[in-house]
Every structure is written in structure tokens, then in C-alpha cells.
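Pasting my_file22.cif here (mmCIF, C-alpha atoms and all ligand atoms):
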```
data_run
#
loop_
_atom_site.group_PDB
_atom_site.id
_atom_site.type_symbol
_atom_site.label_atom_id
_atom_site.label_comp_id
_atom_site.auth_asym_id
_atom_site.auth_seq_id
_atom_site.Cartn_x
_atom_site.Cartn_y
_atom_site.Cartn_z
ATOM 1 C CA MET A 1 209.584 102.506 41.143
ATOM 2 C CA SER A 2 211.128 105.986 41.336
ATOM 3 C CA PHE A 3 214.598 106.184 39.851
ATOM 4 C CA TYR A 4 215.650 109.081 42.085
ATOM 5 C CA LEU A 5 216.502 107.889 45.585
ATOM 6 C CA PRO A 6 216.337 104.077 45.615
ATOM 7 C CA ASP A 7 218.372 101.869 48.035
ATOM 8 C CA LYS A 8 219.669 99.791 45.153
ATOM 9 C CA VAL A 9 219.945 100.441 41.429
ATOM 10 C CA ASN A 10 219.929 98.139 38.436
ATOM 11 C CA CYS A 11 221.632 100.073 35.656
ATOM 12 C CA ASN A 12 222.388 98.396 32.328
ATOM 13 C CA GLY A 13 222.022 95.018 34.014
ATOM 14 C CA GLU A 14 224.468 95.723 36.871
ATOM 15 C CA ILE A 15 223.664 96.261 40.558
ATOM 16 C CA PHE A 16 224.778 99.388 42.436
ATOM 17 C CA ASN A 17 224.418 100.096 46.192
ATOM 18 C CA VAL A 18 224.226 103.445 48.029
ATOM 19 C CA PHE A 19 227.744 104.779 48.557
ATOM 20 C CA ILE A 20 227.448 108.505 49.398
ATOM 21 C CA THR A 21 224.057 109.725 50.607
ATOM 22 C CA LYS A 22 222.194 112.842 49.517
ATOM 23 C CA GLU A 23 222.674 114.331 53.018
ATOM 24 C CA GLN A 24 226.446 113.768 52.880
ATOM 25 C CA ILE A 25 226.652 115.359 49.425
ATOM 26 C CA ASP A 26 224.528 118.368 50.429
ATOM 27 C CA ALA A 27 226.654 119.037 53.519
ATOM 28 C CA ARG A 28 229.931 118.765 51.611
ATOM 29 C CA VAL A 29 228.819 120.910 48.650
ATOM 30 C CA SER A 30 227.633 123.627 51.034
ATOM 31 C CA LEU A 31 231.051 123.613 52.773
ATOM 32 C CA LEU A 32 232.919 123.754 49.445
ATOM 33 C CA GLY A 33 230.789 126.724 48.366
ATOM 34 C CA LYS A 34 231.702 128.593 51.558
ATOM 35 C CA LYS A 35 235.407 127.858 51.025
ATOM 36 C CA LEU A 36 235.272 129.141 47.442
ATOM 37 C CA ASP A 37 233.447 132.281 48.608
ATOM 38 C CA LYS A 38 236.306 132.989 50.987
ATOM 39 C CA ASP A 39 239.162 132.117 48.603
ATOM 40 C CA PHE A 40 237.794 134.007 45.577
ATOM 41 C CA GLU A 41 236.176 137.039 47.216
ATOM 42 C CA GLY A 42 236.733 140.055 44.944
ATOM 43 C CA LYS A 43 238.285 137.934 42.153
ATOM 44 C CA LYS A 44 235.168 137.325 40.019
ATOM 45 C CA PRO A 45 236.223 133.788 38.988
ATOM 46 C CA ILE A 46 234.945 131.868 35.970
ATOM 47 C CA PHE A 47 233.639 128.415 36.855
ATOM 48 C CA ILE A 48 234.042 126.000 33.955
ATOM 49 C CA GLY A 49 231.953 122.852 34.310
ATOM 50 C CA ILE A 50 233.175 119.768 32.468
ATOM 51 C CA LEU A 51 230.216 118.173 30.725
ATOM 52 C CA ASN A 52 228.380 115.982 30.954
ATOM 53 C CA GLY A 53 229.099 114.647 34.430
ATOM 54 C CA ALA A 54 229.633 117.931 36.335
ATOM 55 C CA PHE A 55 226.280 119.523 35.536
ATOM 56 C CA ILE A 56 224.523 118.619 38.801
ATOM 57 C CA PHE A 57 227.525 119.260 41.053
ATOM 58 C CA LEU A 58 228.141 122.657 39.437
ATOM 59 C CA ALA A 59 224.470 123.629 39.686
ATOM 60 C CA ASP A 60 224.354 122.714 43.393
ATOM 61 C CA LEU A 61 227.684 124.425 44.042
ATOM 62 C CA MET A 62 226.333 127.625 42.487
ATOM 63 C CA ARG A 63 223.523 127.594 45.060
ATOM 64 C CA HIS A 64 226.194 128.025 47.747
ATOM 65 C CA VAL A 65 228.623 130.401 46.022
ATOM 66 C CA THR A 66 227.511 133.944 46.796
ATOM 67 C CA ILE A 67 230.382 136.006 45.328
ATOM 68 C CA GLU A 68 230.285 137.535 41.831
ATOM 69 C CA CYS A 69 231.322 134.950 39.242
ATOM 70 C CA GLU A 70 230.735 133.624 35.722
ATOM 71 C CA VAL A 71 229.873 130.123 34.539
ATOM 72 C CA ASP A 72 230.830 128.351 31.331
ATOM 73 C CA PHE A 73 231.129 124.760 30.141
ATOM 74 C CA MET A 74 233.360 122.544 28.079
ATOM 75 C CA LYS A 75 232.592 119.033 27.015
ATOM 76 C CA LEU A 76 234.994 116.103 26.990
ATOM 77 C CA SER A 77 234.700 112.393 26.602
ATOM 78 C CA SER A 78 237.208 109.832 27.872
ATOM 79 C CA TYR A 79 235.009 106.935 28.997
ATOM 80 C CA GLY A 80 232.698 106.327 26.043
ATOM 81 C CA ASP A 81 230.088 103.847 27.266
ATOM 82 C CA GLU A 82 232.521 101.679 29.219
ATOM 83 C CA LYS A 83 233.422 101.360 32.912
ATOM 84 C CA VAL A 84 237.113 102.085 32.274
ATOM 85 C CA SER A 85 238.734 105.118 30.675
ATOM 86 C CA SER A 86 239.477 104.803 26.958
ATOM 87 C CA GLY A 87 242.847 106.497 27.607
ATOM 88 C CA GLN A 88 242.022 109.176 25.048
ATOM 89 C CA VAL A 89 240.417 112.553 25.566
ATOM 90 C CA THR A 90 237.999 113.776 22.923
ATOM 91 C CA GLU A 91 236.985 117.418 23.070
ATOM 92 C CA LEU A 92 233.347 117.839 22.104
ATOM 93 C CA LYS A 93 232.687 121.472 23.109
ATOM 94 C CA GLU A 94 235.140 124.368 23.522
ATOM 95 C CA ILE A 95 234.695 127.119 26.151
ATOM 96 C CA ASP A 96 233.138 130.408 25.036
ATOM 97 C CA ALA A 97 234.475 132.563 27.890
ATOM 98 C CA LYS A 98 237.566 134.732 27.485
ATOM 99 C CA VAL A 99 239.814 133.495 30.264
ATOM 100 C CA LYS A 100 242.956 135.601 29.709
ATOM 101 C CA GLY A 101 243.862 137.315 32.997
ATOM 102 C CA ARG A 102 240.898 135.713 34.805
ATOM 103 C CA HIS A 103 240.720 133.276 37.713
ATOM 104 C CA VAL A 104 239.494 129.979 36.312
ATOM 105 C CA ILE A 105 237.950 127.223 38.454
ATOM 106 C CA LEU A 106 237.572 123.905 36.627
ATOM 107 C CA VAL A 107 234.678 121.849 37.982
ATOM 108 C CA GLU A 108 234.692 118.059 37.520
ATOM 109 C CA ASP A 109 232.416 115.316 38.788
ATOM 110 C CA ILE A 110 235.260 112.835 39.254
ATOM 111 C CA VAL A 111 239.002 112.577 38.724
ATOM 112 C CA ASP A 112 239.986 108.991 37.995
ATOM 113 C CA THR A 113 243.296 108.515 36.114
ATOM 114 C CA GLY A 114 243.649 112.313 35.911
ATOM 115 C CA LEU A 115 244.036 112.204 32.119
ATOM 116 C CA SER A 116 241.075 114.499 31.381
ATOM 117 C CA MET A 117 241.963 117.038 34.053
ATOM 118 C CA LYS A 118 245.607 117.178 32.994
ATOM 119 C CA TYR A 119 244.468 117.773 29.409
ATOM 120 C CA ILE A 120 242.162 120.615 30.464
ATOM 121 C CA VAL A 121 244.620 122.304 32.851
ATOM 122 C CA ASP A 122 247.397 122.220 30.216
ATOM 123 C CA LYS A 123 245.020 123.622 27.626
ATOM 124 C CA MET A 124 243.740 126.349 29.945
ATOM 125 C CA LYS A 125 247.270 127.544 30.757
ATOM 126 C CA HIS A 126 247.780 128.405 27.068
ATOM 127 C CA TYR A 127 245.075 131.076 27.414
ATOM 128 C CA ASN A 128 247.123 132.862 30.128
ATOM 129 C CA PRO A 129 244.538 133.021 32.927
ATOM 130 C CA ALA A 130 245.459 134.734 36.222
ATOM 131 C CA SER A 131 245.099 131.356 37.945
ATOM 132 C CA VAL A 132 243.706 127.872 37.351
ATOM 133 C CA SER A 133 242.127 125.924 40.217
ATOM 134 C CA VAL A 134 240.505 122.507 40.164
ATOM 135 C CA ILE A 135 237.518 121.293 42.146
ATOM 136 C CA THR A 136 236.173 117.778 41.879
ATOM 137 C CA LEU A 137 233.323 116.169 43.771
ATOM 138 C CA LEU A 138 235.038 112.758 43.780
ATOM 139 C CA HIS A 139 238.676 111.732 43.552
ATOM 140 C CA LYS A 140 239.849 108.152 42.997
ATOM 141 C CA LYS A 141 243.235 108.951 44.475
ATOM 142 C CA ASP A 142 244.744 105.468 44.057
ATOM 143 C CA ALA A 143 243.799 105.388 40.368
ATOM 144 C CA THR A 144 245.294 108.798 39.539
ATOM 145 C CA LYS A 145 248.495 108.416 37.572
ATOM 146 C CA HIS A 146 248.689 111.753 35.748
ATOM 147 C CA ASN A 147 250.277 114.607 37.640
ATOM 148 C CA VAL A 148 247.494 117.102 38.265
ATOM 149 C CA GLN A 149 246.961 119.424 41.207
ATOM 150 C CA ILE A 150 243.490 119.228 42.717
ATOM 151 C CA ASP A 151 242.663 122.143 44.979
ATOM 152 C CA TYR A 152 239.224 121.177 46.321
ATOM 153 C CA VAL A 153 237.876 117.644 46.756
ATOM 154 C CA GLY A 154 234.396 116.626 47.865
ATOM 155 C CA PHE A 155 235.191 113.006 48.701
ATOM 156 C CA GLU A 156 238.243 110.829 48.191
ATOM 157 C CA ILE A 157 236.978 107.396 47.184
ATOM 158 C CA PRO A 158 238.533 103.983 46.486
ATOM 159 C CA THR A 159 238.892 102.733 42.902
ATOM 160 C CA LYS A 160 235.241 101.719 42.432
ATOM 161 C CA PHE A 161 232.883 102.456 39.547
ATOM 162 C CA VAL A 162 230.251 104.910 40.775
ATOM 163 C CA LEU A 163 226.984 106.245 39.449
ATOM 164 C CA GLY A 164 224.464 109.015 40.084
ATOM 165 C CA TYR A 165 224.453 112.756 40.906
ATOM 166 C CA GLY A 166 225.549 113.508 37.329
ATOM 167 C CA LEU A 167 227.743 110.428 36.830
ATOM 168 C CA ASP A 168 226.562 107.891 34.282
ATOM 169 C CA TYR A 169 227.008 104.326 33.156
ATOM 170 C CA ALA A 170 226.552 104.321 29.355
ATOM 171 C CA GLN A 171 224.568 107.578 29.704
ATOM 172 C CA GLU A 172 222.143 106.196 32.316
ATOM 173 C CA GLY A 173 221.823 107.021 36.017
ATOM 174 C CA ARG A 174 222.741 110.712 35.936
ATOM 175 C CA ASN A 175 219.469 111.757 37.618
ATOM 176 C CA LEU A 176 219.971 109.606 40.720
ATOM 177 C CA ALA A 177 220.018 111.933 43.734
ATOM 178 C CA GLN A 178 222.948 110.283 45.500
ATOM 179 C CA ILE A 179 226.033 108.289 44.597
ATOM 180 C CA TYR A 180 225.938 104.534 44.132
ATOM 181 C CA ALA A 181 228.868 102.095 43.774
ATOM 182 C CA LEU A 182 228.989 98.969 41.647
ATOM 183 C CA LYS A 183 228.339 95.889 43.773
ATOM 184 C CA GLU A 184 231.501 93.793 43.954
ATOM 185 C CA GLY A 185 231.652 90.017 43.651
HETATM 186 P P1 LIG A 201 239.950 110.379 33.943
HETATM 187 O O1 LIG A 201 240.323 111.129 32.712
HETATM 188 O O2 LIG A 201 240.473 108.969 33.915
HETATM 189 O O3 LIG A 201 240.357 111.084 35.222
HETATM 190 O O4 LIG A 201 238.390 110.206 33.948
HETATM 191 C C1 LIG A 201 237.556 111.280 34.117
HETATM 192 C C2 LIG A 201 236.179 111.052 33.532
HETATM 193 O O5 LIG A 201 235.841 109.657 33.458
HETATM 194 C C3 LIG A 201 235.137 111.663 34.423
HETATM 195 O O6 LIG A 201 234.878 112.997 34.076
HETATM 196 C C4 LIG A 201 233.943 110.767 34.204
HETATM 197 O O7 LIG A 201 233.218 111.217 33.086
HETATM 198 C C5 LIG A 201 234.525 109.416 33.884
HETATM 199 N N1 LIG A 201 234.553 108.524 35.067
HETATM 200 C C6 LIG A 201 235.634 108.178 35.814
HETATM 201 N N2 LIG A 201 235.294 107.335 36.800
HETATM 202 C C7 LIG A 201 233.967 107.150 36.694
HETATM 203 C C8 LIG A 201 233.007 106.385 37.465
HETATM 204 O O8 LIG A 201 233.321 105.698 38.455
HETATM 205 N N3 LIG A 201 231.711 106.454 37.056
HETATM 206 C C9 LIG A 201 231.303 107.198 35.978
HETATM 207 N N4 LIG A 201 232.162 107.930 35.235
HETATM 208 C C10 LIG A 201 233.482 107.902 35.587
#
```
When written as C-alpha cells, how does the structure in this file appear?
Amino acid sequence: MSFYLPDKVNCNGEIFNVFITKEQIDARVSLLGKKLDKDFEGKKPIFIGILNGAFIFLADLMRHVTIECEVDFMKLSSYGDEKVSSGQVTELKEIDAKVKGRHVILVEDIVDTGLSMKYIVDKMKHYNPASVSVITLLHKKDATKHNVQIDYVGFEIPTKFVLGYGLDYAQEGRNLAQIYALKEG
């Protein structure tokens, strides 16, 4: 069976059901792209995707952002192979771009406790950019305990473990076309 757009997913022995459809994601990403176009017109921002999870969201977003911009990546790990955050951020790849005096837009797949995003925003501010903005496809608002400003949100979601569209469970499920949530009970 195709592991791209199924109704139900078995990933690492756990069952996940459709939570946010491909159509809903497409519509929202297109809208976010238009908003960014308007807000950053003439500012030539640098989008920094947080690997691994943000790679699909950032790629789709770039199909809707029509202003001049740059793209770079950094890589962090806070989840390991578990379904809960390890509480520690490990930096696995630094950015290459020179961000001093530039408008930086950090692109995340999901903000959960906010630990990773707080770490990145604090770090970015040391490079003296003109501005730092944050966009995340998903935000588990009730789970966020670190104080971090999020400027653009795709979907606010309850505290559920989700999978697909770049998000993994122990490295699997990233290529699912839509977002699935762990079946409860
Ligand atoms: P935070 O530091 O607790 O905000 O966690 C952020 C990172 O944890 C994200 O970039 C994801 O890699 C991972 N993460 C958080 N929630 C989920 C989830 O529901 N599914 C898959 N990965 C998640």
C-alpha cells in the first residue's frame, strides 16, 4: 500500500489517524506565503529552515513566496527517537548565512514546549539581525512553556503527537502528504 496519502498509518507499531488534510495544509501554506510577501516586500529576508522537520513546509512555502529572499538551514535535535522532548537542544548544523543587519524568518514544523525555538531565537539575536520572526506550521499552544514569540502559525493544535508532512516518529513518516495524529486510548 502507498505510504503517501493513506487514511490510517501504522508507524513503529502505533496507529495514527488523519488529523489535517492535504487540502487544508495547501490552503493555509498558500495564505501564509501571501502574508509573508506583503510583510517582507523590499526587505529581502533570509528564511532559515530548522531541520529535519521543516524541510517540506519550507519547500512548499517557497512555492508561494514571490519576493526576493534567501534560504538557509540549521539542524537541531530535541526529541531523539521518542514521543516527548528530551528537554535538551543539540545543535547538529550551524547556519552558513551572514545574518547581521538582515531580516531573519525562522521556519519550524512544530513548536511544542518552545525550548528549541527559544534556543534559536536567543542565538540568532547575538548575530544582530535587523529583525527575527518565527513561523511554524503547527503550534501546541497548551504545551508551550518557554516564552517565545511566534509571528505566523499554520494551525494551533492540542497536545497530541503528530506525524507526516516532514514530522517524524523515530525518523519514519516524514513523506506522508498530510498530518496524522496518534490514536488515543
Ligand atoms: P520543542 O523544543 O519542545 O518545542 O519541540 C520542537 C521539536 O520537537 C520539533 O521541531 C519537532 O522536531 C519535535 N516535535 C514536537 N512535537 C512533535 C510531534 O508531535 N511529532 C513529531 N515531532 C515533534
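Using only C-alpha atoms and all ligand atoms, the nearest neighbour of ligand LIG 201 (chain A) within the list A:Glu108, A:Glu172, A:Glu68, A:Asp122 is A:Glu108.
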Taking only C-alpha atoms and all ligand atoms into account, list the residues no farther than 6 Å from ligand LIG 201 (chain A), as a CSV table (one decimal) with C-alpha atoms, in the frame of the given file.
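The new file pocket05.csv reads:
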```
chain,number,residue,atom,x,y,z
A,53,GLY,CA,229.1,114.6,34.4
A,78,SER,CA,237.2,109.8,27.9
A,79,TYR,CA,235.0,106.9,29.0
A,85,SER,CA,238.7,105.1,30.7
A,109,ASP,CA,232.4,115.3,38.8
A,110,ILE,CA,235.3,112.8,39.3
A,111,VAL,CA,239.0,112.6,38.7
A,112,ASP,CA,240.0,109.0,38.0
A,113,THR,CA,243.3,108.5,36.1
A,114,GLY,CA,243.6,112.3,35.9
A,115,LEU,CA,244.0,112.2,32.1
A,116,SER,CA,241.1,114.5,31.4
A,160,LYS,CA,235.2,101.7,42.4
A,161,PHE,CA,232.9,102.5,39.5
A,162,VAL,CA,230.3,104.9,40.8
A,163,LEU,CA,227.0,106.2,39.4
A,167,LEU,CA,227.7,110.4,36.8
A,168,ASP,CA,226.6,107.9,34.3
A,169,TYR,CA,227.0,104.3,33.2
```
For this session: Might you pull out every residue within 12 Å of Arg174 of chain A, with all atoms listed in the file counted and same-chain residues fewer than 4 positions away left off, and present them as a ChimeraX atom specification?
Result: /A:3-5,9,11,51-57,109,162-170,178-180
Listing only residues of segment 31-102 of chain A within 12 Å of segment 146-153 of chain A, what is the closest atom pair and its distance in Å (to one decimal) for each, using all atoms listed in the file, sorted by chain and residue number ascending, as CSV?
```
residue,atom,partner,partner_atom,distance
A:Leu31,CA,A:Tyr152,CA,10.7
A:Leu32,CA,A:Tyr152,CA,7.5
A:Gly33,CA,A:Tyr152,CA,10.3
A:Lys34,CA,A:Tyr152,CA,11.8
A:Lys35,CA,A:Tyr152,CA,9.0
A:Leu36,CA,A:Tyr152,CA,9.0
A:Asp39,CA,A:Asp151,CA,11.2
A:Phe57,CA,A:Val153,CA,11.9
A:Gly87,CA,A:His146,CA,11.3
```
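Distances from A:His139, A:Lys123, A:Lys93, A:Arg102 to Met74 of chain A were compared using all atoms listed in the file, and the smallest one belongs to A:Lys93.
Comparing the minimum interatomic distances between Met117 of chain A and each of A:Gln88, A:Ser2, A:Thr159, A:Asn10, counting only C-alpha atoms, we find that A:Gln88 sits nearest.
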For this session: Just the residues within 12 Å of Cys69 of chain A, please, counting all atoms listed in the file, with nothing from its chain fewer than 5 positions along; format it as a PyMOL selection string.
Result: chain A and resi 36-37+40-48+62+102-105
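Residue nearest Leu138 of chain A, chosen from A:Arg28, A:Lys38, A:His126, A:Lys100 and counting all atoms listed in the file: A:Arg28.
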Exercise. Do you know which residues the PyMOL selection byres (((chain A and resi 182) around 6) and not hetatm) returns on this file, as a PyMOL selection string?
Worked result: chain A and resi 16+161+181+183
Just C-alpha atoms for this one: save the residues we selected as an mmCIF file, in the coordinates of the input.
```cif
data_model
loop_
_atom_site.group_PDB
_atom_site.id
_atom_site.type_symbol
_atom_site.label_atom_id
_atom_site.label_comp_id
_atom_site.auth_asym_id
_atom_site.auth_seq_id
_atom_site.Cartn_x
_atom_site.Cartn_y
_atom_site.Cartn_z
ATOM 1 C CA PHE A 16 224.778 99.388 42.436
ATOM 2 C CA PHE A 161 232.883 102.456 39.547
ATOM 3 C CA ALA A 181 228.868 102.095 43.774
ATOM 4 C CA LYS A 183 228.339 95.889 43.773
#
```
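The interatomic distance for the pair atom CA of Glu91 of chain A and atom CA of Leu76 of chain A works out to 4.6 Å.
Of note, atom CA of Gln24 of chain A and atom CA of Ser131 of chain A are spaced 29.7 Å apart.
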Problem set entry | Nearest candidate to Arg63 of chain A (options A:Ile95, A:Val29, A:Thr90, A:Val121; using all atoms listed in the file) | A:Val29
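The two atoms in question, atom CA of Gly185 of chain A and atom CA of Asp142 of chain A, are spaced 20.3 Å apart.
Between Val134 of chain A and the candidates A:Pro158, A:Gly13, A:Gly173, A:Gly49, the tightest atom-to-atom separation, counting only C-alpha atoms, involves A:Gly49.
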Residues at most 8 Å from Asn128 of chain A, counting all atoms listed in the file, excluding those fewer than 4 positions away in the same chain, as an mmCIF file with C-alpha atoms, keeping the file's coordinate frame?
```
data_model
loop_
_atom_site.group_PDB
_atom_site.id
_atom_site.type_symbol
_atom_site.label_atom_id
_atom_site.label_comp_id
_atom_site.auth_asym_id
_atom_site.auth_seq_id
_atom_site.Cartn_x
_atom_site.Cartn_y
_atom_site.Cartn_z
ATOM 1 C CA VAL A 99 239.814 133.495 30.264
ATOM 2 C CA LYS A 100 242.956 135.601 29.709
ATOM 3 C CA GLY A 101 243.862 137.315 32.997
ATOM 4 C CA MET A 124 243.740 126.349 29.945
#
```
